[in-house]
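Encoded as C-alpha cells, the structure appears first; notes follow it.
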Amino acid sequence: MAQIIAVLTGDVVGSRDLGADGLDRLFAALEAAVSEMAGWPGQTDKPPFARYRGDGWQLALNNPALALRATLVARGAVKAADKRFDTRIGVGIGPASVQDINEIGQASGVPFEAAGKALDDLSGPIRFGYRSDNRYPEHDNLLDACLALADACSADWTQAQAEVMSRFLLDSGLTHKAIGESLNPPISQQTVWRHFHAARGPALELAINRVETNWKTA
C-alpha cells in the first residue's frame with residue numbers, strides 16, 4: 001500500500017576536492033544527523049538513508065511535512081563538520097510503497113524521480129530544489145518558495161552557526177542553554193543566541209512552522 005512520503009536526494013558540492021577521507025567524514029556527519037531524526041513526528045525509527053555513486057545520497061521521510069526541516073538539518077550537519085563541506089539537495093514528494101522506501105538508493109517511483117529531477121535541475125549557486133506530482137498545489141508553492149529562501153539564508157552559515165542550527169532543528173524543544181551545553185566544547189547561552197540570530201534562525205523557524213502546519217491541514 002502506497003503512502004505519501006518525502007524523498008531528499010543529494011550530492012556533495014566540490015566532492016573531487018575533498019578526497020576519500022573528506023567524503024567519509026562528510027557522510028559520517030550526515031548519517032549521524034539522520035539517526036537523530038528517529039522520533040520525529042511520524043518517524044518511529046531512523047529514516048531510510050543510503051549513500052550511492054560515491055558522492056550521492058538519499059533519505060526518505062514518512063512525514064512529508066518535515067522535508068524543509070530535514071533539508072536544513074542535512075546542510076547544517078555537513079557544514080558543522082567542516083567549513084569546506086556543502087551539499088545540493090533535491091526534494092520530491094509523492095506516493096511510494098513500503099518496498100520502495102526500504103530499498104532506498106535503488107527505488108523508483110514518483111517521489112524518488114521527482115527528487116532526482118529537482119537535483120538535476122539545480123544550477124549555479126542554487127543548492128535546494130523541489131518537485132512533486134502536484135497532489136497538493138497550494139502546499140507545493142509554499143514549500144518551493146520556503147526551500148529557495150532557506151537555501152539563501154543558510155548558504156553562508158559558519159561552522160558554529162551550522163552546529164547551533166542543526167541542534168535546534170533536530171530538537172526544537174531544546175532551549176538555547178541546553179543547546180550550548182550539548183556542544184563540544186560547550187558554549188554559553190548568549191553565544192548560542194548570537195549564532196542562532198546570525199544564521200537567520202527566527203526567519204527559518206517561522207518558515208518551517210508554516211510548512212509543517214500547512215501539511216497538517218492538507
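Residue numbers start at 1 in each chain; chains themselves are named A, B, ... in the order of the C-alpha cells; ligands are numbered from 1 in the order shown.
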
- Where in region 91-135 of chain A does DSSP assign strand (DSSP E or B), given as a VMD selection string? chain A and resid 91 to 96 128 to 132

Written selection (N, CA and C atoms) as a compact mmCIF listing (two decimals), in the first residue's frame:
# COMPACT_ATOMS: atom_id res chain seq x y z
N VAL A 91 14.34 17.81 -3.43
CA VAL A 91 13.26 17.27 -2.61
C VAL A 91 12.10 16.87 -3.51
N GLY A 92 11.58 15.65 -3.29
CA GLY A 92 10.41 15.17 -4.03
C GLY A 92 9.37 14.63 -3.07
N ILE A 93 8.12 14.87 -3.38
CA ILE A 93 7.03 14.37 -2.54
C ILE A 93 6.01 13.63 -3.43
N GLY A 94 5.53 12.49 -2.93
CA GLY A 94 4.55 11.72 -3.68
C GLY A 94 4.36 10.35 -3.07
N PRO A 95 3.53 9.49 -3.70
CA PRO A 95 3.24 8.18 -3.14
C PRO A 95 4.38 7.18 -3.39
N ALA A 96 4.60 6.32 -2.40
CA ALA A 96 5.62 5.28 -2.52
C ALA A 96 5.18 4.07 -1.70
N PHE A 128 19.15 24.07 -3.25
CA PHE A 128 17.94 23.35 -2.90
C PHE A 128 16.93 23.46 -4.04
N GLY A 129 16.24 22.35 -4.34
CA GLY A 129 15.19 22.37 -5.36
C GLY A 129 14.05 21.45 -4.99
N TYR A 130 12.91 21.60 -5.65
CA TYR A 130 11.71 20.85 -5.28
C TYR A 130 10.89 20.45 -6.51
N ARG A 131 10.36 19.23 -6.47
CA ARG A 131 9.42 18.74 -7.47
C ARG A 131 8.41 17.84 -6.77
N SER A 132 7.21 17.71 -7.37
CA SER A 132 6.20 16.81 -6.82
C SER A 132 5.28 16.38 -7.96

Show me a table, sorted first by chain and then by increasing residue number, of the residues of region 59-88 of chain A having an atom at most 12 Å from region 177-201 of chain A, each with its shortest atom pair and the distance in Å to one decimal, counting only C-alpha atoms and written as a tab-separated table.
residue	atom	partner	partner_atom	distance
A:Arg69	CA	A:Gly201	CA	12.0
A:Leu72	CA	A:Gly201	CA	11.0
A:Gly76	CA	A:Ala199	CA	10.4
A:Ala80	CA	A:Leu183	CA	11.3

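Counting from CA of Arg88 (chain A), the distance to CA of Asp11 (chain A) is 5.5 Å.
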
- Task: Can you pull out every residue within 12 Å of region 120-127 of chain A, counting only C-alpha atoms, but drop anything in the same chain fewer than 5 positions away, and send it as an MDAnalysis selection string?
- Result: chainID A and resid 9:13 71:72 74:75 86:91 113:115 147:156

- Message: Would you compute the distance between CA of Pro48 (chain A) and CA of Glu205 (chain A)? Give it in Å to one decimal.
- Response: 25.0 Å

- For Gly42 (chain A), which of A:Ile5, A:Leu18, A:Ala77, A:Leu68 is the closest residue, counting only C-alpha atoms?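 So, comparing all the options, the nearest one is A:Ile5.
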
- Tell me, as a PyMOL selection string, which residues lie within 12 Å of Ala65 (chain A), counting only C-alpha atoms; anything in the same chain fewer than 4 positions away does not count. chain A and resi 4-7+40-43+61+69-71+91-94+136+139-140+142-143+207-218

Output N, CA and C atoms for every residue in that selection, as a short mmCIF file (atom, residue, chain, number, x, y, z; two decimals), in the first residue's frame.
data_model
loop_
_atom_site.label_atom_id
_atom_site.label_comp_id
_atom_site.auth_asym_id
_atom_site.auth_seq_id
_atom_site.Cartn_x
_atom_site.Cartn_y
_atom_site.Cartn_z
N ILE A 4 2.15 8.72 1.18
CA ILE A 4 2.81 9.94 0.71
C ILE A 4 4.04 10.19 1.56
N ILE A 5 5.19 10.27 0.91
CA ILE A 5 6.45 10.47 1.62
C ILE A 5 7.23 11.63 0.98
N ALA A 6 8.27 12.03 1.66
CA ALA A 6 9.24 12.99 1.10
C ALA A 6 10.55 12.26 0.88
N VAL A 7 11.17 12.52 -0.24
CA VAL A 7 12.50 11.96 -0.55
C VAL A 7 13.46 13.12 -0.76
N TRP A 40 11.07 11.83 15.31
CA TRP A 40 10.33 12.95 14.73
C TRP A 40 8.88 12.50 14.49
N PRO A 41 7.91 13.40 14.43
CA PRO A 41 6.52 13.01 14.18
C PRO A 41 6.38 12.13 12.94
N GLY A 42 5.79 10.96 13.12
CA GLY A 42 5.61 10.02 12.01
C GLY A 42 6.83 9.18 11.71
N GLN A 43 7.92 9.36 12.47
CA GLN A 43 9.17 8.67 12.19
C GLN A 43 9.62 7.93 13.45
N LEU A 61 11.46 10.19 4.18
CA LEU A 61 10.76 10.57 5.40
C LEU A 61 9.29 10.17 5.29
N ARG A 69 12.59 21.01 7.14
CA ARG A 69 13.43 20.86 8.33
C ARG A 69 14.59 19.91 8.04
N ALA A 70 14.31 18.76 7.42
CA ALA A 70 15.35 17.78 7.15
C ALA A 70 16.39 18.31 6.17
N THR A 71 15.97 19.09 5.20
CA THR A 71 16.90 19.68 4.23
C THR A 71 17.90 20.59 4.93
N VAL A 91 14.34 17.81 -3.43
CA VAL A 91 13.26 17.27 -2.61
C VAL A 91 12.10 16.87 -3.51
N GLY A 92 11.58 15.65 -3.29
CA GLY A 92 10.41 15.17 -4.03
C GLY A 92 9.37 14.63 -3.07
N ILE A 93 8.12 14.87 -3.38
CA ILE A 93 7.03 14.37 -2.54
C ILE A 93 6.01 13.63 -3.43
N GLY A 94 5.53 12.49 -2.93
CA GLY A 94 4.55 11.72 -3.68
C GLY A 94 4.36 10.35 -3.07
N TYR A 136 -0.75 18.37 -4.04
CA TYR A 136 -1.17 19.46 -3.15
C TYR A 136 -0.58 20.77 -3.68
N HIS A 139 0.28 23.65 -1.18
CA HIS A 139 1.43 23.31 -0.35
C HIS A 139 2.71 23.33 -1.17
N ASP A 140 2.63 22.82 -2.40
CA ASP A 140 3.81 22.80 -3.27
C ASP A 140 4.39 24.20 -3.44
N LEU A 142 4.13 26.75 -1.45
CA LEU A 142 4.73 27.21 -0.20
C LEU A 142 6.08 26.56 0.03
N LEU A 143 6.16 25.25 -0.14
CA LEU A 143 7.42 24.54 0.11
C LEU A 143 8.49 24.96 -0.89
N ALA A 207 9.37 29.87 8.82
CA ALA A 207 9.08 29.19 7.57
C ALA A 207 8.81 27.71 7.80
N ILE A 208 9.63 27.08 8.63
CA ILE A 208 9.45 25.66 8.92
C ILE A 208 8.11 25.41 9.60
N ASN A 209 7.75 26.24 10.56
CA ASN A 209 6.47 26.08 11.24
C ASN A 209 5.29 26.24 10.29
N ARG A 210 5.39 27.18 9.35
CA ARG A 210 4.32 27.38 8.38
C ARG A 210 4.17 26.15 7.47
N VAL A 211 5.28 25.61 7.01
CA VAL A 211 5.23 24.42 6.15
C VAL A 211 4.64 23.24 6.90
N GLU A 212 5.09 23.02 8.12
CA GLU A 212 4.63 21.85 8.88
C GLU A 212 3.17 21.98 9.27
N THR A 213 2.74 23.18 9.60
CA THR A 213 1.33 23.41 9.93
C THR A 213 0.46 23.23 8.69
N ASN A 214 0.94 23.70 7.54
CA ASN A 214 0.19 23.57 6.31
C ASN A 214 -0.05 22.10 5.96
N TRP A 215 0.95 21.27 6.16
CA TRP A 215 0.78 19.85 5.84
C TRP A 215 -0.23 19.19 6.77
N LYS A 216 -0.29 19.64 8.01
CA LYS A 216 -1.24 19.04 8.94
C LYS A 216 -2.69 19.28 8.54
N THR A 217 -2.92 20.34 7.76
CA THR A 217 -4.28 20.68 7.36
C THR A 217 -4.55 20.34 5.91
N ALA A 218 -3.55 19.74 5.24
CA ALA A 218 -3.73 19.44 3.81
C ALA A 218 -4.73 18.30 3.61
#

- Item | DSSP-assigned alpha helix (DSSP H) members of chain A, reported as a ChimeraX atom specification | /A:19-35,67-81,98-102,110-120,137-154,159-170,176-182,189-198,201-216

- Message: Using only C-alpha atoms, which protein or nucleic acid residues come within 10 Å of Ala38 (chain A)? Drop anything in the same chain fewer than 6 positions from it, and give the result as a PyMOL selection string.
- Response: chain A and resi 44-47+170

Would you write out those residues with C-alpha atoms, as a compact mmCIF listing (two decimals), in the first residue's frame?
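What follows is the written file result_34.txt:
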# COMPACT_ATOMS: atom_id res chain seq x y z
CA THR A 44 9.47 5.92 14.82
CA ASP A 45 12.83 4.64 13.63
CA LYS A 46 15.81 6.12 11.84
CA PRO A 47 14.66 7.20 8.36
CA LEU A 170 16.81 18.27 15.28
